>>> print(open('upload.cif').read())   # mmCIF, C-alpha atoms and all ligand atoms
data_protein
loop_
_atom_site.label_atom_id
_atom_site.label_comp_id
_atom_site.auth_asym_id
_atom_site.auth_seq_id
_atom_site.Cartn_x
_atom_site.Cartn_y
_atom_site.Cartn_z
CA MET A 1 3.97 -6.21 -19.97
CA ILE A 2 1.87 -6.23 -23.14
CA ASP A 3 3.46 -7.68 -26.26
CA TYR A 4 2.78 -4.62 -28.42
CA ALA A 5 4.72 -6.03 -31.37
CA ARG A 6 2.32 -8.97 -31.41
CA VAL A 7 -0.69 -6.65 -31.15
CA GLU A 8 0.58 -4.59 -34.08
CA HIS A 9 1.14 -7.75 -36.12
CA LEU A 10 -2.46 -8.86 -35.48
CA VAL A 11 -3.81 -5.46 -36.54
CA ARG A 12 -1.80 -5.72 -39.75
CA GLN A 13 -3.19 -9.22 -40.33
CA ALA A 14 -6.69 -7.84 -39.83
CA GLY A 15 -5.92 -5.13 -42.38
CA GLN A 16 -4.79 -7.80 -44.81
CA MET A 17 -8.23 -9.39 -44.45
CA ILE A 18 -9.73 -6.11 -45.74
CA LEU A 19 -7.38 -6.17 -48.74
CA ASP A 20 -8.11 -9.84 -49.48
CA ALA A 21 -11.89 -9.40 -49.20
CA ASN A 22 -14.07 -10.32 -52.11
CA LEU A 23 -17.29 -8.65 -51.08
CA THR A 24 -20.59 -9.72 -52.59
CA ALA A 25 -24.00 -8.04 -52.23
CA GLU A 26 -25.26 -10.93 -50.04
CA GLN A 27 -22.53 -10.14 -47.52
CA VAL A 28 -23.77 -6.58 -46.92
CA HIS A 29 -26.44 -6.08 -44.24
CA ILE A 30 -28.29 -2.99 -43.02
CA LYS A 31 -28.03 -2.29 -39.28
CA LYS A 32 -30.14 0.85 -39.51
CA GLN A 33 -30.60 3.56 -42.11
CA HIS A 34 -27.23 4.40 -43.72
CA ASP A 35 -25.45 2.08 -41.29
CA PHE A 36 -24.09 -1.14 -42.75
CA VAL A 37 -22.26 -4.21 -41.60
CA THR A 38 -20.61 -6.77 -43.84
CA ASP A 39 -19.59 -10.33 -43.14
CA TYR A 40 -15.99 -9.06 -43.16
CA ASP A 41 -16.63 -6.65 -40.26
CA VAL A 42 -17.79 -9.60 -38.17
CA ARG A 43 -15.05 -11.94 -39.41
CA ILE A 44 -12.28 -9.44 -38.67
CA GLN A 45 -13.68 -8.65 -35.22
CA ASP A 46 -13.92 -12.39 -34.43
CA TYR A 47 -10.31 -12.84 -35.57
CA LEU A 48 -9.10 -10.00 -33.35
CA VAL A 49 -11.08 -11.11 -30.30
CA GLU A 50 -9.76 -14.65 -30.62
CA THR A 51 -6.12 -13.73 -31.18
CA LEU A 52 -5.99 -10.79 -28.73
CA SER A 53 -7.47 -13.06 -26.03
CA GLN A 54 -4.23 -15.00 -26.28
CA VAL A 55 -2.14 -11.82 -25.87
CA ILE A 56 -4.00 -10.65 -22.72
CA PRO A 57 -6.17 -13.54 -21.48
CA GLU A 58 -7.91 -11.46 -18.78
CA ALA A 59 -8.81 -8.58 -21.14
CA THR A 60 -12.37 -7.48 -21.88
CA PHE A 61 -13.64 -6.24 -25.24
CA PHE A 62 -15.66 -3.30 -26.56
CA GLY A 63 -16.24 -4.15 -30.20
CA GLU A 64 -18.52 -2.48 -32.70
CA GLU A 65 -20.06 -5.71 -33.95
CA MET A 66 -20.76 -7.11 -30.46
CA ALA A 67 -24.21 -6.93 -28.97
CA GLU A 68 -24.33 -3.81 -26.78
CA ASP A 69 -24.81 -5.86 -23.61
CA GLN A 70 -21.67 -7.83 -24.44
CA ARG A 71 -19.46 -4.74 -24.60
CA ALA A 72 -17.87 -4.76 -21.22
CA CYS A 73 -14.85 -2.78 -20.17
CA GLY A 74 -13.74 -3.64 -16.68
CA ASP A 75 -11.02 -1.89 -14.67
CA GLY A 76 -8.39 -4.16 -16.18
CA PHE A 77 -7.23 -4.21 -19.79
CA CYS A 78 -9.87 -3.59 -22.43
CA PHE A 79 -9.61 -3.72 -26.22
CA TYR A 80 -11.69 -1.25 -28.25
CA ILE A 81 -12.18 -2.77 -31.69
CA ASP A 82 -13.53 -1.20 -34.84
CA PRO A 83 -12.79 -4.02 -37.29
CA ILE A 84 -13.48 -1.84 -40.34
CA ASP A 85 -13.81 1.88 -39.75
CA GLY A 86 -15.18 3.21 -43.00
CA THR A 87 -17.53 0.33 -43.81
CA THR A 88 -19.46 2.41 -46.34
CA ASN A 89 -16.17 3.23 -48.07
CA PHE A 90 -15.31 -0.49 -47.98
CA ILE A 91 -18.64 -1.46 -49.56
CA HIS A 92 -18.10 1.04 -52.39
CA ALA A 93 -14.44 0.11 -52.99
CA TYR A 94 -13.40 3.60 -51.95
CA GLN A 95 -10.10 2.27 -50.61
CA HIS A 96 -10.16 4.47 -47.52
CA SER A 97 -10.91 2.35 -44.45
CA CYS A 98 -8.89 1.04 -41.54
CA VAL A 99 -8.70 -1.30 -38.59
CA SER A 100 -8.82 0.57 -35.30
CA LEU A 101 -7.67 -1.01 -32.04
CA GLY A 102 -7.34 0.81 -28.74
CA ILE A 103 -6.19 -0.60 -25.39
CA SER A 104 -7.29 0.85 -22.07
CA SER A 105 -6.30 0.04 -18.53
CA GLU A 106 -8.19 1.26 -15.47
CA LYS A 107 -10.47 3.17 -17.84
CA ARG A 108 -7.65 5.17 -19.41
CA MET A 109 -6.38 4.69 -22.96
CA ILE A 110 -2.84 3.36 -22.90
CA ALA A 111 -2.23 2.44 -26.55
CA GLY A 112 -3.74 2.76 -30.00
CA PHE A 113 -3.19 1.19 -33.43
CA VAL A 114 -4.96 2.43 -36.56
CA TYR A 115 -3.99 0.67 -39.78
CA ASN A 116 -4.88 1.70 -43.31
CA PRO A 117 -4.12 -1.42 -45.36
CA TYR A 118 -4.58 0.33 -48.71
CA THR A 119 -1.65 2.65 -48.06
CA ASN A 120 0.18 0.40 -45.58
CA GLU A 121 0.08 3.21 -43.03
CA MET A 122 0.19 2.18 -39.37
CA TYR A 123 -0.55 4.94 -36.88
CA ARG A 124 0.39 3.82 -33.38
CA ALA A 125 1.06 5.17 -29.94
CA ILE A 126 1.85 3.80 -26.52
CA ARG A 127 1.13 6.25 -23.71
CA GLY A 128 4.33 8.04 -22.74
CA GLN A 129 6.30 6.74 -25.72
CA GLY A 130 5.14 9.05 -28.51
CA ALA A 131 3.04 8.60 -31.63
CA TYR A 132 4.27 7.19 -34.92
CA LEU A 133 3.16 6.82 -38.52
CA ASN A 134 5.09 3.72 -39.58
CA ASP A 135 8.61 4.65 -38.40
CA LYS A 136 8.11 8.40 -38.40
CA ARG A 137 7.59 10.13 -35.06
CA LEU A 138 4.54 12.39 -35.16
CA TRP A 139 4.36 15.84 -33.64
CA THR A 140 1.37 18.06 -34.35
CA GLU A 141 2.46 21.42 -35.71
CA ASN A 142 0.50 24.10 -33.87
CA ARG A 143 -1.37 25.75 -36.74
CA ARG A 144 -4.53 27.78 -37.01
CA LEU A 145 -7.64 26.65 -38.89
CA GLU A 146 -6.75 28.91 -41.81
CA GLU A 147 -3.42 27.12 -42.16
CA GLY A 148 -4.67 23.60 -42.79
CA ILE A 149 -7.38 21.11 -43.72
CA SER A 150 -10.37 20.73 -41.42
CA ALA A 151 -12.25 17.44 -41.55
CA PHE A 152 -15.63 16.28 -40.37
CA ASN A 153 -18.03 13.45 -41.02
CA MET A 154 -21.71 13.62 -41.78
CA PRO A 155 -24.04 12.92 -38.88
CA SER A 156 -26.15 9.87 -39.75
CA LYS A 157 -29.34 11.41 -38.36
CA PRO A 158 -30.47 14.76 -39.76
CA GLU A 159 -32.23 15.95 -36.60
CA LYS A 160 -29.73 18.78 -35.96
CA MET A 161 -29.23 19.52 -39.64
CA ASP A 162 -29.74 23.29 -39.32
CA ASP A 163 -27.11 23.50 -36.56
CA PHE A 164 -24.84 21.32 -38.62
CA LEU A 165 -25.18 23.50 -41.72
CA ASP A 166 -24.58 26.56 -39.54
CA PHE A 167 -21.41 24.89 -38.25
CA LEU A 168 -20.23 24.22 -41.80
CA ARG A 169 -20.93 27.78 -42.90
CA ARG A 170 -18.90 29.14 -39.99
CA LEU A 171 -16.09 26.65 -40.52
CA TYR A 172 -15.99 27.38 -44.24
CA GLY A 173 -15.30 31.02 -43.39
CA LYS A 174 -12.26 30.14 -41.25
CA ALA A 175 -10.71 26.96 -42.64
CA GLU A 176 -8.13 26.78 -45.42
CA THR A 177 -10.33 24.03 -46.85
CA ILE A 178 -12.58 21.16 -45.70
CA ARG A 179 -12.58 17.40 -46.34
CA VAL A 180 -14.92 14.49 -45.57
CA GLY A 181 -13.00 11.20 -45.49
CA GLY A 182 -15.58 8.67 -44.31
CA SER A 183 -13.37 7.05 -41.69
CA ALA A 184 -13.38 8.85 -38.37
CA ALA A 185 -10.36 6.94 -37.08
CA LEU A 186 -8.24 7.89 -40.11
CA ASP A 187 -9.44 11.49 -40.06
CA LEU A 188 -8.49 11.71 -36.38
CA CYS A 189 -5.08 10.13 -36.98
CA ARG A 190 -4.52 12.74 -39.66
CA VAL A 191 -4.85 15.32 -36.93
CA ALA A 192 -1.90 13.59 -35.24
CA SER A 193 0.14 13.64 -38.45
CA GLY A 194 -0.86 17.21 -39.33
CA SER A 195 -2.61 16.32 -42.61
CA ASN A 196 -5.75 17.57 -40.87
CA VAL A 197 -5.46 20.57 -38.61
CA ALA A 198 -8.81 19.93 -36.90
CA TYR A 199 -11.73 17.49 -36.81
CA VAL A 200 -15.33 17.51 -35.60
CA GLN A 201 -18.09 14.94 -35.49
CA THR A 202 -21.33 15.41 -33.60
CA GLN A 203 -21.57 11.78 -32.52
CA LEU A 204 -19.02 9.01 -32.51
CA GLN A 205 -18.75 5.75 -30.63
CA PRO A 206 -15.81 4.90 -28.34
CA TYR A 207 -14.53 2.26 -30.79
CA ASP A 208 -14.34 4.99 -33.49
CA TYR A 209 -11.96 7.23 -31.54
CA ALA A 210 -10.45 5.25 -28.63
CA ALA A 211 -7.28 4.29 -30.50
CA ALA A 212 -6.91 7.63 -32.27
CA SER A 213 -7.35 9.57 -29.02
CA VAL A 214 -4.09 8.31 -27.56
CA ILE A 215 -2.32 8.76 -30.92
CA ILE A 216 -3.45 12.41 -31.06
CA GLU A 217 -2.46 13.11 -27.47
CA GLU A 218 0.94 11.49 -27.86
CA ALA A 219 1.50 13.68 -30.94
CA GLY A 220 0.78 16.82 -28.91
CA GLY A 221 -2.74 17.36 -30.26
CA VAL A 222 -5.96 17.77 -28.32
CA ILE A 223 -9.17 15.70 -28.35
CA SER A 224 -12.25 16.25 -26.20
CA GLN A 225 -16.00 16.42 -26.11
CA LEU A 226 -17.72 19.65 -27.14
CA ASP A 227 -17.70 20.94 -23.55
CA GLY A 228 -13.98 20.31 -23.27
CA SER A 229 -14.27 17.22 -21.05
CA PRO A 230 -12.36 14.03 -21.98
CA VAL A 231 -13.96 11.81 -24.62
CA SER A 232 -16.08 9.04 -23.11
CA LEU A 233 -14.82 5.48 -23.12
CA GLN A 234 -18.30 4.08 -22.34
CA GLU A 235 -20.80 5.88 -24.54
CA PRO A 236 -21.07 7.89 -27.75
CA CYS A 237 -20.07 11.53 -27.66
CA PHE A 238 -19.43 14.70 -29.65
CA VAL A 239 -15.76 14.73 -30.65
CA VAL A 240 -13.56 17.75 -31.31
CA ALA A 241 -9.85 17.41 -32.08
CA GLY A 242 -7.02 19.45 -33.46
CA ALA A 243 -3.65 21.04 -33.15
CA PRO A 244 -3.88 23.07 -29.91
CA VAL A 245 -4.73 26.43 -31.51
CA ALA A 246 -6.96 25.02 -34.27
CA TYR A 247 -8.74 22.89 -31.63
CA VAL A 248 -9.71 26.00 -29.66
CA GLU A 249 -10.90 27.72 -32.86
CA ILE A 250 -12.99 24.81 -34.14
CA ARG A 251 -14.46 24.12 -30.70
CA ASN A 252 -15.57 27.75 -30.43
CA ILE A 253 -17.22 27.50 -33.84
CA ALA A 254 -18.97 24.27 -32.81
CA LEU A 255 -20.07 25.79 -29.48
CA GLU A 256 -21.68 28.69 -31.35
CA ALA A 257 -23.36 26.50 -33.97
CA PHE A 258 -24.59 23.77 -31.62
CA LYS A 259 -25.60 25.94 -28.66
CA SER A 260 -29.30 25.18 -28.96
C1 LIG A 301 -18.27 5.32 -39.35
C2 LIG A 301 -17.16 6.11 -39.96
C3 LIG A 301 -17.69 7.42 -40.47
C4 LIG A 301 -18.43 8.18 -39.40
C5 LIG A 301 -19.52 7.34 -38.77
C6 LIG A 301 -18.93 6.06 -38.24
P1 LIG A 301 -18.08 2.67 -39.50
O1 LIG A 301 -17.79 4.11 -38.81
O2 LIG A 301 -16.13 6.37 -39.02
O3 LIG A 301 -16.64 8.22 -40.94
O4 LIG A 301 -19.02 9.31 -39.97
O5 LIG A 301 -20.12 8.06 -37.71
O6 LIG A 301 -19.98 5.28 -37.71
O7 LIG A 301 -19.54 2.39 -39.34
O8 LIG A 301 -17.64 2.76 -40.89
O9 LIG A 301 -17.24 1.78 -38.64
CA CA A 302 -16.44 3.24 -37.00
CA CA A 303 -16.92 -0.30 -38.23
#
>>> encode(input="upload.cif", output="structure tokens")
Amino acid sequence: MIDYARVEHLVRQAGQMILDANLTAEQVHIKKQHDFVTDYDVRIQDYLVETLSQVIPEATFFGEEMAEDQRACGDGFCFYIDPIDGTTNFIHAYQHSCVSLGISSEKRMIAGFVYNPYTNEMYRAIRGQGAYLNDKRLWTENRRLEEGISAFNMPSKPEKMDDFLDFLRRLYGKAETIRVGGSAALDLCRVASGSNVAYVQTQLQPYDYAAASVIIEEAGGVISQLDGSPVSLQEPCFVVAGAPVAYVEIRNIALEAFKS
């Protein structure tokens, strides 16, 4: 039996490290174009790996700031860690970032915790026990695209820019309005809470969406790849999510725009 209360406490502690950060220019490093890592990303990941290893000693880890060949999810318990989702926001003091922690077992997500320390909002779900935002039970209201906010994030590489702009043009015609938050995990959790009615990003990594995927599903929402198959827990994929009706609508728009 996993001590979920302890896990949640550690995620909150990690969030506190974001709030307490005093970031200097020397602590910001470029991974690749428009992709940054700060000393705090690494510090928070190290903290979580060390402390979560005491909660489930046999667990493996799939963390953003690990070398790719160190990310190993076995059949047992695995922690998916994004120590700061929204690093660019963090660097620019945008105050919209989170800690994202997902737990899988036998290659299926069983729990997720996504914590926004700036607003003290903890999204959490344990498979079969519902999704919560702090103490409030979440249930996704089944709305259409025209009845809510659609969110997306910019692809970092512009190679499919024409398709992407086509997608936006089509979405703009259907959505009530559109937002770009800069933290995939928070945007996805807002699908669970209903603040977003739908979400699309052409490429995300498992640590971006692992935790949010179980939160969305436990709230009655839908998350999948573009072709409708389950999101991958091993490699990056196209992610579509939404309230059931809005999900179908936004996926159809994406299928049209990205069919090439
Ligand atoms: C990024 C954020 C952003 C999304 C990027 C992600 P990071 O994660 O979630 O919203 O557009 O694709 O890489 O690098 O801030 O953890
Ligand atoms: Ca991320
Ligand atoms: Ca990150």
>>> residues_near_point(input="upload.cif", point="(-8.0, -4.6, -23.1)", cutoff="12 Å", atoms="all atoms listed in the file", output="PyMOL selection string")
chain A and resi 2+7+48-49+52-63+71-81+101-112+210-211
>>> residues_near_ligand(input="upload.cif", ligand="ligand CA 302 (chain A)", cutoff="9 Å", atoms="all atoms listed in the file", output="list in words")
Glu64, Asp82, Pro83, Ile84, Asp85, Gly86, Thr87, Ser100, Ser183, Ala184, Ala185, Leu204, Gln205, Pro206, Tyr207, Asp208 and Tyr209 of chain A
>>> closest_residue(input="upload.cif", among="A:Ala175, A:Ala25, A:Val42, A:Met1", to="ligand CA 303 (chain A)", atoms="only C-alpha atoms and all ligand atoms")
A:Val42
>>> axis_aligned_box(input="upload.cif", around="ligand LIG 301 (chain A)", padding_each_side="6 Å", output="AutoDock Vina command-line options")
--center_x -18.1 --center_y 5.5 --center_z -39.3 --size_x 16.0 --size_y 19.5 --size_z 15.2
>>> closest_residue(input="upload.cif", among="A:Ala257, A:Asn120, A:Asp35, A:Val28", to="A:Gln16", atoms="all atoms listed in the file")
A:Asn120
>>> residues_near_point(input="upload.cif", point="(-26.3, 17.9, -38.9)", cutoff="12 Å", atoms="all atoms listed in the file", output="PyMOL selection string")
chain A and resi 152-169+200-203+238+254+257-258
>>> write_last_selection(input="upload.cif", atoms="C-alpha atoms", output="PDB file, keeping the file's coordinate frame")
ATOM      1  CA  PHE A 152     -15.630  16.280 -40.370  1.00  0.00           C
ATOM      2  CA  ASN A 153     -18.030  13.450 -41.020  1.00  0.00           C
ATOM      3  CA  MET A 154     -21.710  13.620 -41.780  1.00  0.00           C
ATOM      4  CA  PRO A 155     -24.040  12.920 -38.880  1.00  0.00           C
ATOM      5  CA  SER A 156     -26.150   9.870 -39.750  1.00  0.00           C
ATOM      6  CA  LYS A 157     -29.340  11.410 -38.360  1.00  0.00           C
ATOM      7  CA  PRO A 158     -30.470  14.760 -39.760  1.00  0.00           C
ATOM      8  CA  GLU A 159     -32.230  15.950 -36.600  1.00  0.00           C
ATOM      9  CA  LYS A 160     -29.730  18.780 -35.960  1.00  0.00           C
ATOM     10  CA  MET A 161     -29.230  19.520 -39.640  1.00  0.00           C
ATOM     11  CA  ASP A 162     -29.740  23.290 -39.320  1.00  0.00           C
ATOM     12  CA  ASP A 163     -27.110  23.500 -36.560  1.00  0.00           C
ATOM     13  CA  PHE A 164     -24.840  21.320 -38.620  1.00  0.00           C
ATOM     14  CA  LEU A 165     -25.180  23.500 -41.720  1.00  0.00           C
ATOM     15  CA  ASP A 166     -24.580  26.560 -39.540  1.00  0.00           C
ATOM     16  CA  PHE A 167     -21.410  24.890 -38.250  1.00  0.00           C
ATOM     17  CA  LEU A 168     -20.230  24.220 -41.800  1.00  0.00           C
ATOM     18  CA  ARG A 169     -20.930  27.780 -42.900  1.00  0.00           C
ATOM     19  CA  VAL A 200     -15.330  17.510 -35.600  1.00  0.00           C
ATOM     20  CA  GLN A 201     -18.090  14.940 -35.490  1.00  0.00           C
ATOM     21  CA  THR A 202     -21.330  15.410 -33.600  1.00  0.00           C
ATOM     22  CA  GLN A 203     -21.570  11.780 -32.520  1.00  0.00           C
ATOM     23  CA  PHE A 238     -19.430  14.700 -29.650  1.00  0.00           C
ATOM     24  CA  ALA A 254     -18.970  24.270 -32.810  1.00  0.00           C
ATOM     25  CA  ALA A 257     -23.360  26.500 -33.970  1.00  0.00           C
ATOM     26  CA  PHE A 258     -24.590  23.770 -31.620  1.00  0.00           C
TER      27      PHE A 258
END
>>> atom_distance(input="upload.cif", atom1="atom CA of A:His92", atom2="atom CA of A:Lys32")
17.6 Å
>>> atom_distance(input="upload.cif", atom1="atom CA of A:Asn134", atom2="atom CA of A:Arg12")
11.7 Å
>>> atom_distance(input="upload.cif", atom1="atom CA of A:Tyr115", atom2="atom CA of A:Cys98")
5.2 Å
>>> residues_around(input="upload.cif", residues="A:Tyr247", least_positions_apart="2", cutoff="9 Å", atoms="all atoms listed in the file", output="PyMOL selection string")
chain A and resi 144-145+197-199+221-223+240-245+249-252
>>> decode(input="upload.cif", residues="stretch 48-62 of chain A", atoms="C-alpha atoms", output="PDB file, in the first residue's frame")
ATOM      1  CA  LEU A  48      11.966  13.956  -5.142  1.00  0.00           C
ATOM      2  CA  VAL A  49      14.048  10.980  -6.273  1.00  0.00           C
ATOM      3  CA  GLU A  50      15.768  10.785  -2.903  1.00  0.00           C
ATOM      4  CA  THR A  51      12.643  11.120  -0.779  1.00  0.00           C
ATOM      5  CA  LEU A  52      10.333   9.019  -2.992  1.00  0.00           C
ATOM      6  CA  SER A  53      12.928   6.224  -2.939  1.00  0.00           C
ATOM      7  CA  GLN A  54      12.172   5.965   0.759  1.00  0.00           C
ATOM      8  CA  VAL A  55       8.415   5.737   0.107  1.00  0.00           C
ATOM      9  CA  ILE A  56       8.730   2.910  -2.473  1.00  0.00           C
ATOM     10  CA  PRO A  57      12.299   1.545  -2.312  1.00  0.00           C
ATOM     11  CA  GLU A  58      11.870  -0.730  -5.351  1.00  0.00           C
ATOM     12  CA  ALA A  59      10.423   2.009  -7.604  1.00  0.00           C
ATOM     13  CA  THR A  60      12.038   3.173 -10.834  1.00  0.00           C
ATOM     14  CA  PHE A  61      12.066   6.747 -12.115  1.00  0.00           C
ATOM     15  CA  PHE A  62      11.313   8.561 -15.369  1.00  0.00           C
TER      16      PHE A  62
END
